[in-house]
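Inspection log for the structure reproduced underneath, given as structure tokens.
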Amino acid sequence: ADLTEATLAGGTISLLSSLAMAYLFVSNFRSFLQIETVTSVRLDESQEKKIQINFNVTLHHLPCRFASVDIADVMGTHLQNVSANIVKTRLDADGGVLGRAAARPRPVEHAVARSVDLGVPVPKVSPELDVDGMREAARSRKLVLVNYYAPWCPWSRRLQPVWEEAYANVMQKPFARDVLMAKADCTGAGANLCREQHIHAFPTVRVYRHHAAVSHESYVGDRTHEAFERFVEENVHDDDHEEAVRSGESEVGGVGEGCLVKGVVLVNRVPGNFHMSAHSKA
């Protein structure tokens, strides 16, 4: 009976206990909602000389053949295009997988224009394309090769006379009416075409079939007269790209091709940087 009898002291204790619990609940809930940043510096006690970096990076607008993993540090290490323990996967514009990129692409052979040895300038006779010209070329020819270039690019200037001489030779072939080797100046009249085709490196040589001005292959073969002329002769009457892809002379890609780069690298335990960049040997 004494336990159920209300007293002033008991009521006071119950009220104070309720207030204390309410205060603790509110203060802890407020602390839970607040974000606190704590900075601390700790000494790395590891004795290992290398640090392992695991990475998985998607480059949405850089084809795998141009993607390079580079490492540099204050000790003088400067490595470009590291390929050990790294896998590159080609992606389309929507992130779908196009296929595995070559682990170590073969070096591209370049030629010198034959007229250079004679001291004769090579005339620029191959047609210049813009957006409308590209559509007309794709509509009227079975096979179209386009050299997307920039006049300031040394590799573009190196390819230009070889391209012109190959064009002149191809135009003398019996199948000349079915093929076109053209070029597009990405800094001039062909700028809109280059943007439409998502050109990000110079020179870029693309192959168009089936009278389509959008779907294409990327020519990755040698940049020589013989290679260009042989490619045209072998593909002008070929209805698909399977043989060219199998021979390694072209890669099938879509607009906005990207690359998924993943792997593991070991770097020195010193200040430095690890980054991905665009490199081209063509």
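If you're wondering about the labels, chains in the structure tokens are A, B, ... by order shown, residues count from 1 in each chain, ligands from 1 in order shown.
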Inset, instruction - Just the strand (DSSP E or B) stuff from stretch 7-184 of chain A, please, per backbone DSSP, written as a PyMOL selection string. - result: chain A and resi 50-59+67-73+78-79+86-91+97-100+110+128+143-149+179-184
Assign secondary structure with DSSP using the backbone only, and return the residues of stretch 56-231 of chain A in alpha helix (DSSP H) as a tab-separated table (two decimals) with all heavy atoms, in the first residue's frame.
```tsv
chain	number	residue	atom	x	y	z
A	131	VAL	N	29.84	18.20	-93.59
A	131	VAL	CA	28.74	17.31	-93.21
A	131	VAL	C	27.95	16.85	-94.44
A	131	VAL	O	27.69	15.65	-94.62
A	131	VAL	CB	27.80	18.01	-92.21
A	131	VAL	CG1	26.58	17.14	-91.92
A	131	VAL	CG2	28.55	18.31	-90.91
A	132	ASP	N	27.60	17.77	-95.32
A	132	ASP	CA	26.83	17.41	-96.51
A	132	ASP	C	27.65	16.55	-97.46
A	132	ASP	O	27.14	15.60	-98.06
A	132	ASP	CB	26.34	18.67	-97.23
A	132	ASP	CG	25.32	19.44	-96.39
A	132	ASP	OD1	24.65	18.82	-95.56
A	132	ASP	OD2	25.25	20.68	-96.57
A	133	GLY	N	28.94	16.90	-97.61
A	133	GLY	CA	29.80	16.12	-98.48
A	133	GLY	C	29.98	14.70	-97.98
A	133	GLY	O	30.05	13.75	-98.78
A	134	MET	N	30.02	14.52	-96.67
A	134	MET	CA	30.15	13.18	-96.11
A	134	MET	C	28.92	12.34	-96.39
A	134	MET	O	29.02	11.16	-96.76
A	134	MET	CB	30.37	13.30	-94.58
A	134	MET	CG	30.48	11.97	-93.87
A	134	MET	SD	31.94	11.04	-94.40
A	134	MET	CE	31.40	9.38	-94.08
A	135	ARG	N	27.76	12.93	-96.24
A	135	ARG	CA	26.53	12.19	-96.51
A	135	ARG	C	26.43	11.79	-97.99
A	135	ARG	O	26.01	10.68	-98.32
A	135	ARG	CB	25.33	13.04	-96.11
A	135	ARG	CG	25.21	13.21	-94.60
A	135	ARG	CD	24.15	14.21	-94.22
A	135	ARG	NE	24.09	14.40	-92.77
A	135	ARG	CZ	23.48	15.40	-92.17
A	135	ARG	NH1	22.84	16.31	-92.91
A	135	ARG	NH2	23.47	15.50	-90.86
A	136	GLU	N	26.82	12.69	-98.87
A	136	GLU	CA	26.78	12.39	-100.30
A	136	GLU	C	27.79	11.31	-100.65
A	136	GLU	O	27.50	10.40	-101.45
A	136	GLU	CB	27.06	13.66	-101.10
A	136	GLU	CG	27.18	13.45	-102.61
A	136	GLU	CD	25.91	12.87	-103.22
A	136	GLU	OE1	24.82	13.05	-102.64
A	136	GLU	OE2	26.02	12.24	-104.30
A	137	ALA	N	28.99	11.37	-100.06
A	137	ALA	CA	30.01	10.36	-100.33
A	137	ALA	C	29.55	8.98	-99.86
A	137	ALA	O	29.71	7.98	-100.57
A	137	ALA	CB	31.31	10.74	-99.62
A	138	ALA	N	28.97	8.91	-98.66
A	138	ALA	CA	28.49	7.63	-98.14
A	138	ALA	C	27.34	7.09	-99.00
A	138	ALA	O	27.22	5.87	-99.19
A	138	ALA	CB	28.05	7.78	-96.69
A	139	ARG	N	26.51	7.98	-99.50
A	139	ARG	CA	25.37	7.56	-100.32
A	139	ARG	C	25.80	6.99	-101.67
A	139	ARG	O	25.22	6.01	-102.16
A	139	ARG	CB	24.43	8.74	-100.55
A	139	ARG	CG	23.14	8.39	-101.29
A	139	ARG	CD	22.42	9.65	-101.76
A	139	ARG	NE	23.21	10.39	-102.73
A	139	ARG	CZ	23.29	10.05	-104.02
A	139	ARG	NH1	22.65	8.98	-104.48
A	139	ARG	NH2	24.03	10.76	-104.84
A	140	SER	N	26.85	7.56	-102.25
A	140	SER	CA	27.21	7.22	-103.62
A	140	SER	C	28.34	6.20	-103.75
A	140	SER	O	28.55	5.67	-104.84
A	140	SER	CB	27.61	8.50	-104.38
A	140	SER	OG	28.72	9.12	-103.74
A	154	PRO	N	51.64	17.53	-86.12
A	154	PRO	CA	52.77	17.00	-86.91
A	154	PRO	C	52.46	15.64	-87.54
A	154	PRO	O	52.92	15.36	-88.65
A	154	PRO	CB	53.92	16.92	-85.91
A	154	PRO	CG	53.28	16.94	-84.56
A	154	PRO	CD	52.03	17.73	-84.71
A	155	TRP	N	51.69	14.79	-86.84
A	155	TRP	CA	51.35	13.49	-87.41
A	155	TRP	C	50.39	13.65	-88.58
A	155	TRP	O	50.44	12.89	-89.55
A	155	TRP	CB	50.75	12.58	-86.34
A	155	TRP	CG	51.75	12.16	-85.31
A	155	TRP	CD1	51.87	12.65	-84.04
A	155	TRP	CD2	52.79	11.19	-85.46
A	155	TRP	NE1	52.92	12.03	-83.40
A	155	TRP	CE2	53.49	11.13	-84.24
A	155	TRP	CE3	53.17	10.36	-86.51
A	155	TRP	CZ2	54.57	10.27	-84.04
A	155	TRP	CZ3	54.24	9.50	-86.31
A	155	TRP	CH2	54.93	9.46	-85.10
A	156	SER	N	49.52	14.64	-88.51
A	156	SER	CA	48.63	14.92	-89.65
A	156	SER	C	49.43	15.40	-90.85
A	156	SER	O	49.17	15.00	-91.99
A	156	SER	CB	47.60	15.98	-89.26
A	156	SER	OG	46.70	15.50	-88.27
A	157	ARG	N	50.41	16.27	-90.60
A	157	ARG	CA	51.24	16.77	-91.71
A	157	ARG	C	52.09	15.64	-92.30
A	157	ARG	O	52.36	15.63	-93.51
A	157	ARG	CB	52.14	17.90	-91.21
A	157	ARG	CG	51.37	19.15	-90.80
A	157	ARG	CD	52.29	20.36	-90.73
A	157	ARG	NE	53.32	20.20	-89.71
A	157	ARG	CZ	53.21	20.58	-88.45
A	157	ARG	NH1	52.08	21.17	-88.05
A	157	ARG	NH2	54.18	20.42	-87.59
A	158	ARG	N	52.48	14.69	-91.47
A	158	ARG	CA	53.27	13.57	-91.97
A	158	ARG	C	52.42	12.64	-92.85
A	158	ARG	O	52.89	12.13	-93.87
A	158	ARG	CB	53.85	12.79	-90.79
A	158	ARG	CG	54.69	11.59	-91.20
A	158	ARG	CD	55.33	10.94	-89.98
A	158	ARG	NE	56.19	9.82	-90.35
A	158	ARG	CZ	56.93	9.13	-89.50
A	158	ARG	NH1	56.92	9.45	-88.21
A	158	ARG	NH2	57.68	8.13	-89.90
A	159	LEU	N	51.17	12.45	-92.45
A	159	LEU	CA	50.30	11.55	-93.21
A	159	LEU	C	49.80	12.18	-94.50
A	159	LEU	O	49.58	11.47	-95.50
A	159	LEU	CB	49.10	11.14	-92.33
A	159	LEU	CG	48.04	10.27	-93.01
A	159	LEU	CD1	48.64	8.94	-93.46
A	159	LEU	CD2	46.87	10.04	-92.06
A	160	GLN	N	49.65	13.49	-94.54
A	160	GLN	CA	48.98	14.16	-95.66
A	160	GLN	C	49.56	13.80	-97.03
A	160	GLN	O	48.81	13.39	-97.94
A	160	GLN	CB	49.00	15.67	-95.43
A	160	GLN	CG	48.30	16.49	-96.51
A	160	GLN	CD	49.26	16.94	-97.61
A	160	GLN	OE1	50.43	17.23	-97.31
A	160	GLN	NE2	48.78	17.01	-98.84
A	161	PRO	N	50.87	13.91	-97.27
A	161	PRO	CA	51.36	13.58	-98.62
A	161	PRO	C	51.22	12.10	-98.97
A	161	PRO	O	50.98	11.75	-100.13
A	161	PRO	CB	52.84	14.01	-98.58
A	161	PRO	CG	53.20	14.01	-97.12
A	161	PRO	CD	51.97	14.39	-96.40
A	162	VAL	N	51.36	11.21	-97.97
A	162	VAL	CA	51.18	9.78	-98.22
A	162	VAL	C	49.73	9.51	-98.60
A	162	VAL	O	49.43	8.74	-99.53
A	162	VAL	CB	51.58	8.96	-96.98
A	162	VAL	CG1	51.30	7.48	-97.20
A	162	VAL	CG2	53.05	9.18	-96.65
A	163	TRP	N	48.81	10.15	-97.91
A	163	TRP	CA	47.38	9.99	-98.20
A	163	TRP	C	47.05	10.47	-99.61
A	163	TRP	O	46.31	9.80	-100.34
A	163	TRP	CB	46.58	10.78	-97.17
A	163	TRP	CG	45.10	10.64	-97.28
A	163	TRP	CD1	44.23	11.47	-97.94
A	163	TRP	CD2	44.29	9.61	-96.72
A	163	TRP	NE1	42.94	11.03	-97.82
A	163	TRP	CE2	42.94	9.88	-97.07
A	163	TRP	CE3	44.57	8.49	-95.94
A	163	TRP	CZ2	41.88	9.07	-96.67
A	163	TRP	CZ3	43.51	7.67	-95.55
A	163	TRP	CH2	42.20	7.97	-95.91
A	164	GLU	N	47.63	11.61	-100.00
A	164	GLU	CA	47.34	12.15	-101.33
A	164	GLU	C	47.89	11.24	-102.43
A	164	GLU	O	47.23	11.03	-103.45
A	164	GLU	CB	47.93	13.56	-101.45
A	164	GLU	CG	47.37	14.58	-100.47
A	164	GLU	CD	45.90	14.88	-100.70
A	164	GLU	OE1	45.37	14.52	-101.76
A	164	GLU	OE2	45.28	15.49	-99.80
A	165	GLU	N	49.08	10.71	-102.23
A	165	GLU	CA	49.65	9.82	-103.25
A	165	GLU	C	48.87	8.52	-103.33
A	165	GLU	O	48.65	7.98	-104.43
A	165	GLU	CB	51.12	9.55	-102.93
A	165	GLU	CG	52.01	10.77	-103.14
A	165	GLU	CD	53.48	10.49	-102.85
A	165	GLU	OE1	53.78	9.45	-102.22
A	165	GLU	OE2	54.33	11.30	-103.26
A	166	ALA	N	48.44	7.99	-102.18
A	166	ALA	CA	47.63	6.77	-102.19
A	166	ALA	C	46.29	7.02	-102.89
A	166	ALA	O	45.80	6.18	-103.65
A	166	ALA	CB	47.40	6.28	-100.77
A	167	TYR	N	45.71	8.19	-102.63
A	167	TYR	CA	44.45	8.55	-103.30
A	167	TYR	C	44.63	8.57	-104.82
A	167	TYR	O	43.79	8.03	-105.57
A	167	TYR	CB	43.97	9.91	-102.80
A	167	TYR	CG	42.88	10.52	-103.65
A	167	TYR	CD1	41.55	10.15	-103.49
A	167	TYR	CD2	43.18	11.48	-104.62
A	167	TYR	CE1	40.55	10.70	-104.27
A	167	TYR	CE2	42.18	12.05	-105.40
A	167	TYR	CZ	40.87	11.65	-105.22
A	167	TYR	OH	39.88	12.20	-106.01
A	168	ALA	N	45.71	9.20	-105.28
A	168	ALA	CA	45.95	9.28	-106.73
A	168	ALA	C	46.09	7.88	-107.34
A	168	ALA	O	45.59	7.63	-108.44
A	168	ALA	CB	47.20	10.11	-106.99
A	169	ASN	N	46.75	6.98	-106.63
A	169	ASN	CA	46.90	5.61	-107.14
A	169	ASN	C	45.58	4.86	-107.15
A	169	ASN	O	45.26	4.13	-108.10
A	169	ASN	CB	47.93	4.84	-106.30
A	169	ASN	CG	49.33	5.40	-106.44
A	169	ASN	OD1	49.65	6.03	-107.45
A	169	ASN	ND2	50.17	5.19	-105.44
A	170	VAL	N	44.78	5.02	-106.09
A	170	VAL	CA	43.49	4.33	-106.01
A	170	VAL	C	42.55	4.81	-107.11
A	170	VAL	O	41.79	4.02	-107.69
A	170	VAL	CB	42.85	4.55	-104.62
A	170	VAL	CG1	41.38	4.12	-104.61
A	170	VAL	CG2	43.64	3.78	-103.56
A	191	ALA	N	34.98	21.20	-89.52
A	191	ALA	CA	34.86	21.24	-88.05
A	191	ALA	C	33.54	20.63	-87.57
A	191	ALA	O	33.52	19.86	-86.61
A	191	ALA	CB	35.00	22.68	-87.56
A	192	ASN	N	32.44	20.99	-88.22
A	192	ASN	CA	31.14	20.45	-87.82
A	192	ASN	C	31.08	18.94	-88.03
A	192	ASN	O	30.49	18.21	-87.23
A	192	ASN	CB	30.01	21.13	-88.58
A	192	ASN	CG	29.82	22.57	-88.14
A	192	ASN	OD1	30.13	22.94	-87.02
A	192	ASN	ND2	29.30	23.40	-89.04
A	193	LEU	N	31.67	18.47	-89.11
A	193	LEU	CA	31.71	17.03	-89.37
A	193	LEU	C	32.51	16.32	-88.28
A	193	LEU	O	32.10	15.26	-87.80
A	193	LEU	CB	32.31	16.77	-90.75
A	193	LEU	CG	32.51	15.29	-91.12
A	193	LEU	CD1	31.18	14.54	-91.13
A	193	LEU	CD2	33.19	15.17	-92.49
A	194	CYS	N	33.64	16.88	-87.89
A	194	CYS	CA	34.46	16.27	-86.85
A	194	CYS	C	33.72	16.21	-85.52
A	194	CYS	O	33.82	15.22	-84.78
A	194	CYS	CB	35.78	17.04	-86.68
A	194	CYS	SG	36.86	16.94	-88.13
A	195	ARG	N	32.96	17.27	-85.20
A	195	ARG	CA	32.15	17.25	-83.98
A	195	ARG	C	31.05	16.20	-84.07
A	195	ARG	O	30.79	15.47	-83.11
A	195	ARG	CB	31.55	18.63	-83.73
A	195	ARG	CG	32.52	19.62	-83.10
A	195	ARG	CD	31.80	20.85	-82.59
A	195	ARG	NE	31.22	21.63	-83.68
A	195	ARG	CZ	31.86	22.60	-84.30
A	195	ARG	NH1	33.10	22.92	-83.94
A	195	ARG	NH2	31.28	23.28	-85.28
A	196	GLU	N	30.43	16.10	-85.23
A	196	GLU	CA	29.36	15.12	-85.42
A	196	GLU	C	29.89	13.70	-85.30
A	196	GLU	O	29.20	12.80	-84.80
A	196	GLU	CB	28.71	15.34	-86.78
A	196	GLU	CG	27.52	14.44	-87.05
A	196	GLU	CD	26.88	14.73	-88.40
A	196	GLU	OE1	26.07	15.67	-88.49
A	196	GLU	OE2	27.20	14.01	-89.37
A	225	HIS	N	51.65	3.77	-98.29
A	225	HIS	CA	50.93	3.70	-99.56
A	225	HIS	C	50.40	2.28	-99.78
A	225	HIS	O	49.22	2.09	-100.12
A	225	HIS	CB	51.86	4.05	-100.73
A	225	HIS	CG	52.58	5.35	-100.58
A	225	HIS	ND1	53.71	5.49	-99.80
A	225	HIS	CD2	52.34	6.57	-101.12
A	225	HIS	CE1	54.12	6.73	-99.87
A	225	HIS	NE2	53.32	7.42	-100.65
A	226	GLU	N	51.27	1.29	-99.59
A	226	GLU	CA	50.88	-0.09	-99.85
A	226	GLU	C	49.73	-0.52	-98.95
A	226	GLU	O	48.81	-1.21	-99.40
A	226	GLU	CB	52.08	-1.02	-99.65
A	226	GLU	CG	53.22	-0.81	-100.64
A	226	GLU	CD	54.11	0.37	-100.26
A	226	GLU	OE1	53.93	0.91	-99.13
A	226	GLU	OE2	54.97	0.74	-101.07
A	227	ALA	N	49.78	-0.12	-97.66
A	227	ALA	CA	48.74	-0.54	-96.72
A	227	ALA	C	47.39	0.06	-97.08
A	227	ALA	O	46.36	-0.63	-97.09
A	227	ALA	CB	49.13	-0.15	-95.29
A	228	PHE	N	47.36	1.35	-97.40
A	228	PHE	CA	46.10	1.99	-97.78
A	228	PHE	C	45.53	1.38	-99.06
A	228	PHE	O	44.34	1.06	-99.14
A	228	PHE	CB	46.30	3.49	-97.97
A	228	PHE	CG	46.46	4.27	-96.70
A	228	PHE	CD1	47.50	5.16	-96.54
A	228	PHE	CD2	45.56	4.10	-95.66
A	228	PHE	CE1	47.66	5.89	-95.36
A	228	PHE	CE2	45.70	4.82	-94.47
A	228	PHE	CZ	46.75	5.71	-94.33
A	229	GLU	N	46.39	1.22	-100.06
A	229	GLU	CA	45.91	0.71	-101.35
A	229	GLU	C	45.46	-0.74	-101.22
A	229	GLU	O	44.45	-1.14	-101.81
A	229	GLU	CB	47.02	0.85	-102.39
A	229	GLU	CG	47.37	2.31	-102.70
A	229	GLU	CD	48.64	2.45	-103.52
A	229	GLU	OE1	48.99	1.49	-104.24
A	229	GLU	OE2	49.29	3.51	-103.44
A	230	ARG	N	46.20	-1.53	-100.43
A	230	ARG	CA	45.80	-2.93	-100.23
A	230	ARG	C	44.48	-3.01	-99.48
A	230	ARG	O	43.61	-3.82	-99.80
A	230	ARG	CB	46.89	-3.68	-99.46
A	230	ARG	CG	46.56	-5.16	-99.25
A	230	ARG	CD	47.68	-5.89	-98.54
A	230	ARG	NE	47.88	-5.38	-97.19
A	230	ARG	CZ	48.93	-4.65	-96.81
A	230	ARG	NH1	49.88	-4.35	-97.70
A	230	ARG	NH2	49.04	-4.23	-95.57
A	231	PHE	N	44.30	-2.15	-98.47
A	231	PHE	CA	43.05	-2.16	-97.70
A	231	PHE	C	41.86	-1.84	-98.60
A	231	PHE	O	40.82	-2.50	-98.53
A	231	PHE	CB	43.13	-1.15	-96.55
A	231	PHE	CG	41.91	-1.13	-95.67
A	231	PHE	CD1	41.81	-1.98	-94.58
A	231	PHE	CD2	40.86	-0.27	-95.94
A	231	PHE	CE1	40.68	-1.97	-93.78
A	231	PHE	CE2	39.72	-0.25	-95.14
A	231	PHE	CZ	39.64	-1.11	-94.05
```
Inset, instruction - Mind checking which residues fall within 10 Å of A:Glu48, counting only C-alpha atoms, ignoring those fewer than 3 positions away in the same chain, and posting them as a PyMOL selection string? - result: chain A and resi 45+51+268-269
Inset, instruction - For stretch 64-68 of chain A, list every protein, DNA or RNA residue within 7 Å, evaluated using only C-alpha atoms, and leave out those in the same chain fewer than 3 positions away; present the list as a list in words. - result: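 Contacts, with the query itself left out: Gln80, Asn81, Lys88, Arg90, Ala101, Gly258, Cys259, Met276, Ser277, Ala278, His279 and Ser280 of chain A.
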Inset, instruction - Kindly give the distance, in Å, that separates atom CA of A:Thr187 and atom CA of A:Met171, rounded to a single decimal. - result: 26.6 Å
Legend entry - Closest of A:Met75, A:Val69, A:Gly96, A:Gly188 to A:Glu128 - atom-to-atom distances counting only C-alpha atoms: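 Under the stated criterion, the closest residue is A:Gly188.
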